[in-house]
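See structure below.
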Amino acid sequence: MRILRYLLAILLPPVGIFLTYGISTTLIINVLLTLLGWLPGSIHAVWAIAKHEEGLRQPGAY
């Protein structure tokens with residue numbers, strides 16, 4: 001599932017964010033960045049998914 005999220009983050013950035021965060025402010029920011037261009041949306045999506053997974057790996061993180 002992790003590889004699929006990163007692949008979607010590159011190809012369809014808002015979909016990757018939606019699968020990771022659901023409907024949230026992160027999704028809205030990503031949609032706006034993707035409207036500005038594919039590259040800003042993809043960079044934000046990969047970064048946001050990596051930060052989300054990093055938080056899941058830390059003990060005591062929510």
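Scheme for the structure tokens: letters A, B, ... for chains in order shown; per-chain residue numbers from 1; ligand numbers from 1 in order shown.
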Write out as a short mmCIF file (atom, residue, chain, number, x, y, z; two decimals) with N, CA and C atoms, in the first residue's frame each polymer residue whose atoms come within 10 Å of Thr34 (chain A), counting only C-alpha atoms; drop sequence neighbours fewer than 4 positions from it.
data_model
loop_
_atom_site.label_atom_id
_atom_site.label_comp_id
_atom_site.auth_asym_id
_atom_site.auth_seq_id
_atom_site.Cartn_x
_atom_site.Cartn_y
_atom_site.Cartn_z
N LEU A 12 -0.99 11.33 -9.54
CA LEU A 12 -2.23 12.06 -9.21
C LEU A 12 -2.12 12.53 -7.76
N PRO A 13 -1.43 13.64 -7.53
CA PRO A 13 -1.12 14.05 -6.15
C PRO A 13 -2.31 14.13 -5.19
N PRO A 14 -3.45 14.71 -5.56
CA PRO A 14 -4.55 14.77 -4.58
C PRO A 14 -5.08 13.39 -4.16
N ILE A 28 -6.73 20.08 0.67
CA ILE A 28 -7.08 21.35 0.02
C ILE A 28 -5.82 22.07 -0.47
N ILE A 29 -4.79 22.09 0.37
CA ILE A 29 -3.52 22.71 -0.03
C ILE A 29 -2.95 22.01 -1.25
N ASN A 30 -3.02 20.68 -1.25
CA ASN A 30 -2.48 19.93 -2.38
C ASN A 30 -3.26 20.17 -3.65
N TRP A 38 1.57 20.58 -11.97
CA TRP A 38 1.69 19.19 -11.54
C TRP A 38 2.88 19.01 -10.59
N LEU A 39 4.00 19.66 -10.89
CA LEU A 39 5.21 19.47 -10.08
C LEU A 39 5.05 19.95 -8.64
N PRO A 40 4.53 21.15 -8.38
CA PRO A 40 4.34 21.55 -6.97
C PRO A 40 3.41 20.61 -6.21
N GLY A 41 2.36 20.15 -6.86
CA GLY A 41 1.44 19.21 -6.21
C GLY A 41 2.11 17.89 -5.89
N SER A 42 2.92 17.39 -6.81
CA SER A 42 3.61 16.12 -6.59
C SER A 42 4.64 16.22 -5.48
N ILE A 43 5.40 17.30 -5.48
CA ILE A 43 6.40 17.49 -4.42
C ILE A 43 5.73 17.56 -3.05
N HIS A 44 4.66 18.32 -2.96
CA HIS A 44 3.94 18.44 -1.69
C HIS A 44 3.37 17.09 -1.26
N ALA A 45 2.82 16.34 -2.20
CA ALA A 45 2.21 15.05 -1.87
C ALA A 45 3.24 14.06 -1.34
#
Figure out the distance between CA of Gly55 (chain A) and CA of Gly37 (chain A), please, to one decimal in Å. 27.6 Å
Find, counting only C-alpha atoms, the residue in A:Ile49, A:Ala9, A:Leu33, A:Leu56 that gets nearest to Tyr21 (chain A). A:Ile49
How would you write, as a ChimeraX atom specification, the set of residues in chain A that DSSP gives as helix (DSSP H, G or I)? /A:2-11,13-21,25-36,38-57
How would the residues just picked look written out with N, CA and C atoms as a compact mmCIF listing (two decimals), in the first residue's frame?
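The result, written out as part22.txt:
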# COMPACT_ATOMS: atom_id res chain seq x y z
N ARG A 2 2.03 1.18 0.66
CA ARG A 2 2.92 2.33 0.74
C ARG A 2 3.44 2.73 -0.64
N ILE A 3 3.81 1.76 -1.45
CA ILE A 3 4.30 2.05 -2.79
C ILE A 3 3.19 2.66 -3.63
N LEU A 4 1.98 2.17 -3.48
CA LEU A 4 0.84 2.71 -4.22
C LEU A 4 0.60 4.18 -3.86
N ARG A 5 0.73 4.52 -2.59
CA ARG A 5 0.54 5.92 -2.18
C ARG A 5 1.58 6.83 -2.82
N TYR A 6 2.83 6.39 -2.83
CA TYR A 6 3.88 7.21 -3.44
C TYR A 6 3.70 7.31 -4.95
N LEU A 7 3.28 6.23 -5.58
CA LEU A 7 3.04 6.26 -7.03
C LEU A 7 1.89 7.21 -7.35
N LEU A 8 0.83 7.15 -6.58
CA LEU A 8 -0.29 8.07 -6.78
C LEU A 8 0.11 9.51 -6.45
N ALA A 9 1.00 9.68 -5.48
CA ALA A 9 1.46 11.03 -5.14
C ALA A 9 2.20 11.66 -6.30
N ILE A 10 2.87 10.85 -7.09
CA ILE A 10 3.59 11.37 -8.25
C ILE A 10 2.66 11.57 -9.44
N LEU A 11 1.79 10.60 -9.69
CA LEU A 11 0.93 10.67 -10.88
C LEU A 11 -0.32 11.53 -10.66
N PRO A 13 -1.43 13.64 -7.53
CA PRO A 13 -1.12 14.05 -6.15
C PRO A 13 -2.31 14.13 -5.19
N PRO A 14 -3.45 14.71 -5.56
CA PRO A 14 -4.55 14.77 -4.58
C PRO A 14 -5.08 13.39 -4.16
N VAL A 15 -5.01 12.41 -5.04
CA VAL A 15 -5.49 11.07 -4.70
C VAL A 15 -4.58 10.44 -3.64
N GLY A 16 -3.28 10.60 -3.79
CA GLY A 16 -2.35 10.08 -2.79
C GLY A 16 -2.56 10.71 -1.43
N ILE A 17 -2.80 12.02 -1.42
CA ILE A 17 -3.07 12.73 -0.16
C ILE A 17 -4.39 12.28 0.44
N PHE A 18 -5.40 12.11 -0.40
CA PHE A 18 -6.71 11.68 0.10
C PHE A 18 -6.63 10.30 0.75
N LEU A 19 -5.88 9.38 0.15
CA LEU A 19 -5.74 8.04 0.73
C LEU A 19 -4.98 8.06 2.06
N THR A 20 -4.12 9.05 2.23
CA THR A 20 -3.33 9.13 3.46
C THR A 20 -4.03 9.93 4.55
N TYR A 21 -4.59 11.09 4.20
CA TYR A 21 -5.15 12.01 5.18
C TYR A 21 -6.67 12.08 5.19
N THR A 25 -7.22 19.76 5.53
CA THR A 25 -6.59 20.96 4.97
C THR A 25 -5.40 20.60 4.09
N THR A 26 -4.73 19.49 4.40
CA THR A 26 -3.62 19.04 3.57
C THR A 26 -4.09 18.73 2.16
N LEU A 27 -5.26 18.12 2.05
CA LEU A 27 -5.83 17.83 0.73
C LEU A 27 -6.15 19.11 -0.02
N ILE A 28 -6.73 20.08 0.67
CA ILE A 28 -7.08 21.35 0.02
C ILE A 28 -5.82 22.07 -0.47
N ILE A 29 -4.79 22.09 0.37
CA ILE A 29 -3.52 22.71 -0.03
C ILE A 29 -2.95 22.01 -1.25
N ASN A 30 -3.02 20.68 -1.25
CA ASN A 30 -2.48 19.93 -2.38
C ASN A 30 -3.26 20.17 -3.65
N VAL A 31 -4.57 20.26 -3.56
CA VAL A 31 -5.38 20.55 -4.75
C VAL A 31 -5.00 21.91 -5.32
N LEU A 32 -4.84 22.91 -4.45
CA LEU A 32 -4.45 24.24 -4.92
C LEU A 32 -3.06 24.23 -5.56
N LEU A 33 -2.12 23.52 -4.95
CA LEU A 33 -0.79 23.43 -5.54
C LEU A 33 -0.82 22.69 -6.87
N THR A 34 -1.64 21.66 -6.98
CA THR A 34 -1.75 20.92 -8.23
C THR A 34 -2.38 21.78 -9.31
N LEU A 35 -3.30 22.66 -8.94
CA LEU A 35 -3.88 23.58 -9.92
C LEU A 35 -2.83 24.56 -10.45
N LEU A 36 -1.86 24.90 -9.61
CA LEU A 36 -0.76 25.76 -10.06
C LEU A 36 0.19 25.02 -10.99
N TRP A 38 1.57 20.58 -11.97
CA TRP A 38 1.69 19.19 -11.54
C TRP A 38 2.88 19.01 -10.59
N LEU A 39 4.00 19.66 -10.89
CA LEU A 39 5.21 19.47 -10.08
C LEU A 39 5.05 19.95 -8.64
N PRO A 40 4.53 21.15 -8.38
CA PRO A 40 4.34 21.55 -6.97
C PRO A 40 3.41 20.61 -6.21
N GLY A 41 2.36 20.15 -6.86
CA GLY A 41 1.44 19.21 -6.21
C GLY A 41 2.11 17.89 -5.89
N SER A 42 2.92 17.39 -6.81
CA SER A 42 3.61 16.12 -6.59
C SER A 42 4.64 16.22 -5.48
N ILE A 43 5.40 17.30 -5.48
CA ILE A 43 6.40 17.49 -4.42
C ILE A 43 5.73 17.56 -3.05
N HIS A 44 4.66 18.32 -2.96
CA HIS A 44 3.94 18.44 -1.69
C HIS A 44 3.37 17.09 -1.26
N ALA A 45 2.82 16.34 -2.20
CA ALA A 45 2.21 15.05 -1.87
C ALA A 45 3.24 14.06 -1.34
N VAL A 46 4.38 13.96 -2.01
CA VAL A 46 5.43 13.04 -1.56
C VAL A 46 5.93 13.46 -0.18
N TRP A 47 6.13 14.76 0.01
CA TRP A 47 6.60 15.27 1.31
C TRP A 47 5.58 14.98 2.41
N ALA A 48 4.31 15.25 2.15
CA ALA A 48 3.27 15.07 3.16
C ALA A 48 3.11 13.59 3.53
N ILE A 49 3.17 12.71 2.55
CA ILE A 49 3.04 11.27 2.84
C ILE A 49 4.25 10.79 3.63
N ALA A 50 5.45 11.26 3.28
CA ALA A 50 6.65 10.87 4.02
C ALA A 50 6.59 11.35 5.46
N LYS A 51 6.12 12.59 5.68
CA LYS A 51 6.00 13.11 7.04
C LYS A 51 4.96 12.33 7.84
N HIS A 52 3.87 11.94 7.19
CA HIS A 52 2.83 11.17 7.86
C HIS A 52 3.37 9.81 8.30
N GLU A 53 4.11 9.15 7.41
CA GLU A 53 4.68 7.84 7.75
C GLU A 53 5.76 7.97 8.82
N GLU A 54 6.51 9.06 8.79
CA GLU A 54 7.53 9.29 9.81
C GLU A 54 6.89 9.43 11.19
N GLY A 55 5.76 10.11 11.25
CA GLY A 55 5.05 10.27 12.51
C GLY A 55 4.50 8.95 13.03
N LEU A 56 4.13 8.05 12.12
CA LEU A 56 3.60 6.76 12.54
C LEU A 56 4.69 5.86 13.11
N ARG A 57 5.94 6.06 12.67
CA ARG A 57 7.04 5.21 13.11
C ARG A 57 7.57 5.61 14.48
